[in-house]
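One structure is given here, and the rest of the page talks about it.
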Amino acid sequence: MRLLHALTLLAALPLLLHSEETLTFEQAEKAMLAANPQAVSASLELQAARDRVTAARAGFYPSFSANAAYYRSGSQGLPAGDAYNYGFSGTQPLFAPAVPAALRSAKAAAWSSQAARDRIASALRYQLKAAFADTLNARETIKLSQETLRRRSDNLELLRLKYQAGRENKAALLETEAALKTAQWQHEKYRKNLRLLERKFNRLLSRPPQTAVPALSLPLPPEPPEDFDSFTPRVESHNALSAARARFALAEAAVDGAQSSILPDAAASGSYKWGGSDWPAAPNSWSLGASLSLPLFSGGRLSAGLASARSSLRSAEAELRNSRDEIFLNAEDAFYSWREARAYLDVAKSSLDAAAARAWLVRKQYLAGQASYFEWRNVEEQLISEQNQYLAAGRGLSTSHAAFIQSLGE
């Protein structure tokens, strides 16, 4: 019954007792998002996109520059002479349709980068939670395997005594010995699997593969509600839906940019300069003015570009509608998979209880000579199978809940 209680705690994956050596999921998540190359790259790309927004916004403001030049020249038979000039100049856009279009495009690109970072973070959170569940499951599987090895060893000693007493046949003895060796092989297999999972866990946190993984603490998945309706608002903030909206905004900005190319462009400019050959005395000059540019003929390039941008806009709009439907359906499917996994955990628990009670009874009957070896062997195999199935059901519940959270884009 103590083993059954331990299996129950594992399958539910509850919060472990916190200690200095215990790594919680929240702590691991922070470390992963701070060090994982994918997360770091996505964060840097988002920062670059935000900087491009600042650069595009600067197109609304005047620009100033300073310039200076110095020359020394001469010709054959004449002394060399100096020449210089220096001054200031500035421009101010008066009517520049391309500037707001470029700003809208930069904002849409930053929106897209934000969605991409959220998508990577969501995928990494799912991988981390799956790694937590897999590692905890593997560790408890090894504990169960050790218990199985002990029971197999005890069974072999019991069969050897019965065989020596002439109360059991040699085939049963050899079969029990083979079962022990199989359990030993499976135990080594479980140890290898745990090592591979710990390496994967360290890779997610960008730690050296040989780093020891401490005790892990994973929260208990909550009870699923009866219907999916309460999660619908959270679907609207899904990162994939945000990415589709960003693509639509990019397409709108592209239409604005194509329209701006056929509109006039006006700007004001001014300058003040000094120049001559005798420093510091020099004549000065200044200028103020405005310019206007209007495309007259481009061989159809501008109109074709506008038509292409509008087609891309309609395509992005259709893709946005399709993305919303797909995201909603995927999230609803993941929700019902979560409910199914929770229901199956109850089934696995009931089956394990029945198998444990049956194994205890048949063992007592076999020791009393009221049951055959083959009947006892079968219920032993069934108990081991149900124990492993219950562990798998606990892991399945945790990963299905993680998959549902990922389907919400979180």
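By order of appearance in the structure tokens: chains A, B, ..., then residues from 1 within every chain, and ligands from 1 in the order shown.
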Could you name the residues that touch stretch 254-257 of chain A at 10 Å or less, counting only C-alpha atoms, but leaving out those on the same chain fewer than 4 positions away, as a list in words?
Pro97, Ala98, Val99, Pro100, Ala101, Ala102, Arg104, Ser105, Phe248, Ala249, Leu250, Ser261, Ile262, Gly305, Leu306, Ala307, Ser308, Ala309, Arg310, Ser311, Ser312 and Leu313 of chain A
Restricted to C-alpha atoms, what would the selected residues look like written as a PDB file, in the first residue's frame?
```
ATOM      1  CA  PRO A  97       3.175  60.087 -47.670  1.00  0.00           C
ATOM      2  CA  ALA A  98       5.954  57.495 -47.616  1.00  0.00           C
ATOM      3  CA  VAL A  99       6.959  58.442 -44.064  1.00  0.00           C
ATOM      4  CA  PRO A 100       3.726  57.419 -42.257  1.00  0.00           C
ATOM      5  CA  ALA A 101       3.549  54.317 -44.463  1.00  0.00           C
ATOM      6  CA  ALA A 102       7.084  53.362 -43.427  1.00  0.00           C
ATOM      7  CA  ARG A 104       3.114  51.718 -40.030  1.00  0.00           C
ATOM      8  CA  SER A 105       5.227  49.034 -41.686  1.00  0.00           C
ATOM      9  CA  PHE A 248      -2.451  41.983 -42.216  1.00  0.00           C
ATOM     10  CA  ALA A 249      -1.100  45.270 -40.817  1.00  0.00           C
ATOM     11  CA  LEU A 250       2.058  44.827 -42.905  1.00  0.00           C
ATOM     12  CA  SER A 261       4.707  56.413 -54.497  1.00  0.00           C
ATOM     13  CA  ILE A 262       2.194  57.994 -56.903  1.00  0.00           C
ATOM     14  CA  GLY A 305       2.946  47.752 -57.445  1.00  0.00           C
ATOM     15  CA  LEU A 306      -0.279  49.174 -56.000  1.00  0.00           C
ATOM     16  CA  ALA A 307      -2.354  46.363 -57.520  1.00  0.00           C
ATOM     17  CA  SER A 308       0.065  43.776 -56.127  1.00  0.00           C
ATOM     18  CA  ALA A 309      -0.085  45.320 -52.647  1.00  0.00           C
ATOM     19  CA  ARG A 310      -3.889  45.267 -52.668  1.00  0.00           C
ATOM     20  CA  SER A 311      -3.920  41.600 -53.694  1.00  0.00           C
ATOM     21  CA  SER A 312      -1.530  40.811 -50.844  1.00  0.00           C
ATOM     22  CA  LEU A 313      -3.847  42.678 -48.473  1.00  0.00           C
TER      23      LEU A 313
END
```
Per-residue nearest contacts of stretch 125-161 of chain A to stretch 388-396 of chain A (7 Å; only C-alpha atoms) as CSV:
```
residue,atom,partner,partner_atom,distance
A:Ala133,CA,A:Arg395,CA,5.7
A:Asp134,CA,A:Arg395,CA,6.8
A:Asn137,CA,A:Arg395,CA,6.5
```
Writer output for current selection, C-alpha atoms, as a tab-separated table (two decimals), in the first residue's frame:
```tsv
chain	number	residue	atom	x	y	z
A	133	ALA	CA	6.99	15.46	-16.43
A	134	ASP	CA	9.26	13.04	-18.31
A	137	ASN	CA	8.15	9.96	-14.50
```
Give me every strand (DSSP E or B) residue in stretch 213-353 of chain A, going by DSSP on the backbone, as a list in words.
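Matching residues for strand (DSSP E or B) in stretch 213-353 of chain A are Ala215, Leu216, Ser217, Asp265, Ala266, Ala267, Ala268, Ser269, Gly270, Ser271, Tyr272, Lys273, Trp274, Gly275, Gly276, Asn284, Ser285, Trp286, Ser287, Leu288, Gly289, Ala290, Ser291, Leu292 and Ser293 of chain A.
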Filtering to N, CA and C atoms, could you give me those residues as a PDB file, in the first residue's frame?
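Saved file selection-v1.pdb follows:
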```
ATOM      1  N   ALA A 215      16.321  17.825  -7.579  1.00  0.00           N
ATOM      2  CA  ALA A 215      14.921  17.421  -7.427  1.00  0.00           C
ATOM      3  C   ALA A 215      14.024  18.467  -8.086  1.00  0.00           C
ATOM      4  N   LEU A 216      12.976  18.010  -8.735  1.00  0.00           N
ATOM      5  CA  LEU A 216      12.109  18.895  -9.500  1.00  0.00           C
ATOM      6  C   LEU A 216      10.733  18.986  -8.852  1.00  0.00           C
ATOM      7  N   SER A 217      10.112  20.143  -8.987  1.00  0.00           N
ATOM      8  CA  SER A 217       8.778  20.378  -8.437  1.00  0.00           C
ATOM      9  C   SER A 217       7.867  20.893  -9.544  1.00  0.00           C
ATOM     10  N   ASP A 265       5.573  64.717 -53.403  1.00  0.00           N
ATOM     11  CA  ASP A 265       6.432  64.744 -52.223  1.00  0.00           C
ATOM     12  C   ASP A 265       7.017  66.150 -52.120  1.00  0.00           C
ATOM     13  N   ALA A 266       6.828  66.800 -50.966  1.00  0.00           N
ATOM     14  CA  ALA A 266       7.297  68.170 -50.791  1.00  0.00           C
ATOM     15  C   ALA A 266       8.151  68.274 -49.544  1.00  0.00           C
ATOM     16  N   ALA A 267       9.169  69.134 -49.609  1.00  0.00           N
ATOM     17  CA  ALA A 267      10.055  69.348 -48.467  1.00  0.00           C
ATOM     18  C   ALA A 267      10.611  70.759 -48.514  1.00  0.00           C
ATOM     19  N   ALA A 268      10.949  71.297 -47.344  1.00  0.00           N
ATOM     20  CA  ALA A 268      11.591  72.608 -47.238  1.00  0.00           C
ATOM     21  C   ALA A 268      13.033  72.389 -46.831  1.00  0.00           C
ATOM     22  N   SER A 269      13.911  73.281 -47.328  1.00  0.00           N
ATOM     23  CA  SER A 269      15.332  73.132 -47.020  1.00  0.00           C
ATOM     24  C   SER A 269      15.961  74.506 -46.838  1.00  0.00           C
ATOM     25  N   GLY A 270      17.061  74.572 -46.139  1.00  0.00           N
ATOM     26  CA  GLY A 270      17.792  75.818 -45.925  1.00  0.00           C
ATOM     27  C   GLY A 270      19.241  75.525 -45.623  1.00  0.00           C
ATOM     28  N   SER A 271      20.109  76.508 -45.903  1.00  0.00           N
ATOM     29  CA  SER A 271      21.528  76.311 -45.635  1.00  0.00           C
ATOM     30  C   SER A 271      22.192  77.659 -45.385  1.00  0.00           C
ATOM     31  N   TYR A 272      23.316  77.647 -44.699  1.00  0.00           N
ATOM     32  CA  TYR A 272      24.118  78.830 -44.451  1.00  0.00           C
ATOM     33  C   TYR A 272      25.573  78.391 -44.540  1.00  0.00           C
ATOM     34  N   LYS A 273      26.360  79.094 -45.387  1.00  0.00           N
ATOM     35  CA  LYS A 273      27.718  78.639 -45.656  1.00  0.00           C
ATOM     36  C   LYS A 273      28.703  79.802 -45.622  1.00  0.00           C
ATOM     37  N   TRP A 274      29.926  79.448 -45.263  1.00  0.00           N
ATOM     38  CA  TRP A 274      31.067  80.339 -45.381  1.00  0.00           C
ATOM     39  C   TRP A 274      32.098  79.678 -46.296  1.00  0.00           C
ATOM     40  N   GLY A 275      32.798  80.489 -47.076  1.00  0.00           N
ATOM     41  CA  GLY A 275      33.808  79.902 -47.944  1.00  0.00           C
ATOM     42  C   GLY A 275      34.784  80.946 -48.434  1.00  0.00           C
ATOM     43  N   GLY A 276      35.994  80.563 -48.783  1.00  0.00           N
ATOM     44  CA  GLY A 276      37.011  81.485 -49.291  1.00  0.00           C
ATOM     45  C   GLY A 276      38.377  80.869 -49.216  1.00  0.00           C
ATOM     46  N   ASN A 284      29.989  84.922 -46.862  1.00  0.00           N
ATOM     47  CA  ASN A 284      28.995  83.906 -46.482  1.00  0.00           C
ATOM     48  C   ASN A 284      27.833  83.948 -47.460  1.00  0.00           C
ATOM     49  N   SER A 285      27.089  82.872 -47.429  1.00  0.00           N
ATOM     50  CA  SER A 285      25.916  82.775 -48.296  1.00  0.00           C
ATOM     51  C   SER A 285      24.851  81.952 -47.596  1.00  0.00           C
ATOM     52  N   TRP A 286      23.638  82.142 -47.988  1.00  0.00           N
ATOM     53  CA  TRP A 286      22.539  81.375 -47.404  1.00  0.00           C
ATOM     54  C   TRP A 286      21.500  81.101 -48.473  1.00  0.00           C
ATOM     55  N   SER A 287      20.655  80.118 -48.137  1.00  0.00           N
ATOM     56  CA  SER A 287      19.583  79.776 -49.079  1.00  0.00           C
ATOM     57  C   SER A 287      18.418  79.179 -48.311  1.00  0.00           C
ATOM     58  N   LEU A 288      17.230  79.475 -48.748  1.00  0.00           N
ATOM     59  CA  LEU A 288      15.996  78.899 -48.231  1.00  0.00           C
ATOM     60  C   LEU A 288      15.130  78.510 -49.423  1.00  0.00           C
ATOM     61  N   GLY A 289      14.433  77.401 -49.306  1.00  0.00           N
ATOM     62  CA  GLY A 289      13.609  77.006 -50.432  1.00  0.00           C
ATOM     63  C   GLY A 289      12.743  75.810 -50.117  1.00  0.00           C
ATOM     64  N   ALA A 290      12.010  75.398 -51.081  1.00  0.00           N
ATOM     65  CA  ALA A 290      11.124  74.245 -50.973  1.00  0.00           C
ATOM     66  C   ALA A 290      11.179  73.490 -52.282  1.00  0.00           C
ATOM     67  N   SER A 291      10.908  72.193 -52.197  1.00  0.00           N
ATOM     68  CA  SER A 291      10.931  71.363 -53.393  1.00  0.00           C
ATOM     69  C   SER A 291       9.654  70.538 -53.468  1.00  0.00           C
ATOM     70  N   LEU A 292       9.252  70.225 -54.669  1.00  0.00           N
ATOM     71  CA  LEU A 292       8.057  69.418 -54.908  1.00  0.00           C
ATOM     72  C   LEU A 292       8.392  68.409 -55.995  1.00  0.00           C
ATOM     73  N   SER A 293       8.043  67.142 -55.729  1.00  0.00           N
ATOM     74  CA  SER A 293       8.317  66.077 -56.689  1.00  0.00           C
ATOM     75  C   SER A 293       7.022  65.318 -56.961  1.00  0.00           C
TER      76      SER A 293
END
```
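One distance worth recording is that between atom CA of A:Leu329 and atom CA of A:Arg314, which is 23.2 Å.
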Would you list the contacts of A:Ser206 as number ranges by chain, taking every protein, DNA or RNA residue within 8 Å and counting only C-alpha atoms, but skipping same-chain residues closer than 3 positions in sequence?
A: 32, 35-37, 202-203
Show me, as a count of residues only, the residues that have an atom within 8 Å of A:Tyr70 when counting only C-alpha atoms, minus same-chain residues fewer than 3 positions from it.
4
Atom-to-atom span, atom CA of A:Tyr336 and atom CA of A:Asn322, Å:
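Here the two named atoms are 21.5 Å from each other.
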Could you check how far atom CA of A:Thr211 sits from atom CA of A:Arg119, in Å to one decimal?
28.0 Å
Hey, which of A:Glu332, A:Glu168, A:Glu175, A:Glu223 ends up closest to A:Leu397? Count only C-alpha atoms.
A:Glu223
Surrounding residues of A:Ala42 excluding itself and chain neighbours under 3 positions, 10 Å, only C-alpha atoms, as an mmCIF file with N, CA and C atoms, in the first residue's frame:
```
data_model
loop_
_atom_site.group_PDB
_atom_site.id
_atom_site.type_symbol
_atom_site.label_atom_id
_atom_site.label_comp_id
_atom_site.auth_asym_id
_atom_site.auth_seq_id
_atom_site.Cartn_x
_atom_site.Cartn_y
_atom_site.Cartn_z
ATOM 1 N N PRO A 37 19.187 29.901 -26.273
ATOM 2 C CA PRO A 37 19.538 30.680 -27.473
ATOM 3 C C PRO A 37 18.336 31.117 -28.290
ATOM 4 N N GLN A 38 17.319 30.270 -28.410
ATOM 5 C CA GLN A 38 16.141 30.654 -29.178
ATOM 6 C C GLN A 38 15.430 31.841 -28.545
ATOM 7 N N ALA A 39 15.262 31.789 -27.223
ATOM 8 C CA ALA A 39 14.582 32.886 -26.527
ATOM 9 C C ALA A 39 15.402 34.171 -26.591
ATOM 10 N N GLU A 45 15.782 40.182 -31.543
ATOM 11 C CA GLU A 45 15.108 40.555 -32.787
ATOM 12 C C GLU A 45 13.955 41.511 -32.496
ATOM 13 N N LEU A 46 13.244 41.296 -31.405
ATOM 14 C CA LEU A 46 12.173 42.210 -31.026
ATOM 15 C C LEU A 46 12.734 43.595 -30.701
ATOM 16 N N GLN A 47 13.857 43.652 -29.997
ATOM 17 C CA GLN A 47 14.463 44.941 -29.688
ATOM 18 C C GLN A 47 14.901 45.659 -30.960
ATOM 19 N N ALA A 48 15.451 44.901 -31.908
ATOM 20 C CA ALA A 48 15.855 45.510 -33.179
ATOM 21 C C ALA A 48 14.646 46.067 -33.919
ATOM 22 N N SER A 113 7.360 40.587 -34.696
ATOM 23 C CA SER A 113 8.477 40.102 -33.881
ATOM 24 C C SER A 113 8.027 39.764 -32.467
ATOM 25 N N GLN A 114 7.093 40.558 -31.943
ATOM 26 C CA GLN A 114 6.534 40.265 -30.620
ATOM 27 C C GLN A 114 5.794 38.935 -30.637
ATOM 28 N N ALA A 115 5.001 38.700 -31.674
ATOM 29 C CA ALA A 115 4.280 37.432 -31.790
ATOM 30 C C ALA A 115 5.247 36.263 -31.948
ATOM 31 N N ALA A 116 6.329 36.471 -32.704
ATOM 32 C CA ALA A 116 7.317 35.406 -32.886
ATOM 33 C C ALA A 116 8.009 35.073 -31.567
ATOM 34 N N ARG A 117 8.334 36.107 -30.784
ATOM 35 C CA ARG A 117 8.952 35.842 -29.487
ATOM 36 C C ARG A 117 7.986 35.104 -28.561
ATOM 37 N N ASP A 118 6.717 35.508 -28.564
ATOM 38 C CA ASP A 118 5.727 34.830 -27.727
ATOM 39 C C ASP A 118 5.550 33.378 -28.164
ATOM 40 N N ARG A 119 5.599 33.139 -29.479
ATOM 41 C CA ARG A 119 5.456 31.767 -29.982
ATOM 42 C C ARG A 119 6.621 30.902 -29.511
ATOM 43 N N ILE A 120 7.837 31.427 -29.595
ATOM 44 C CA ILE A 120 9.000 30.659 -29.156
ATOM 45 C C ILE A 120 8.947 30.412 -27.648
ATOM 46 N N ALA A 121 8.550 31.443 -26.889
ATOM 47 C CA ALA A 121 8.448 31.281 -25.439
ATOM 48 C C ALA A 121 7.399 30.243 -25.075
#
```
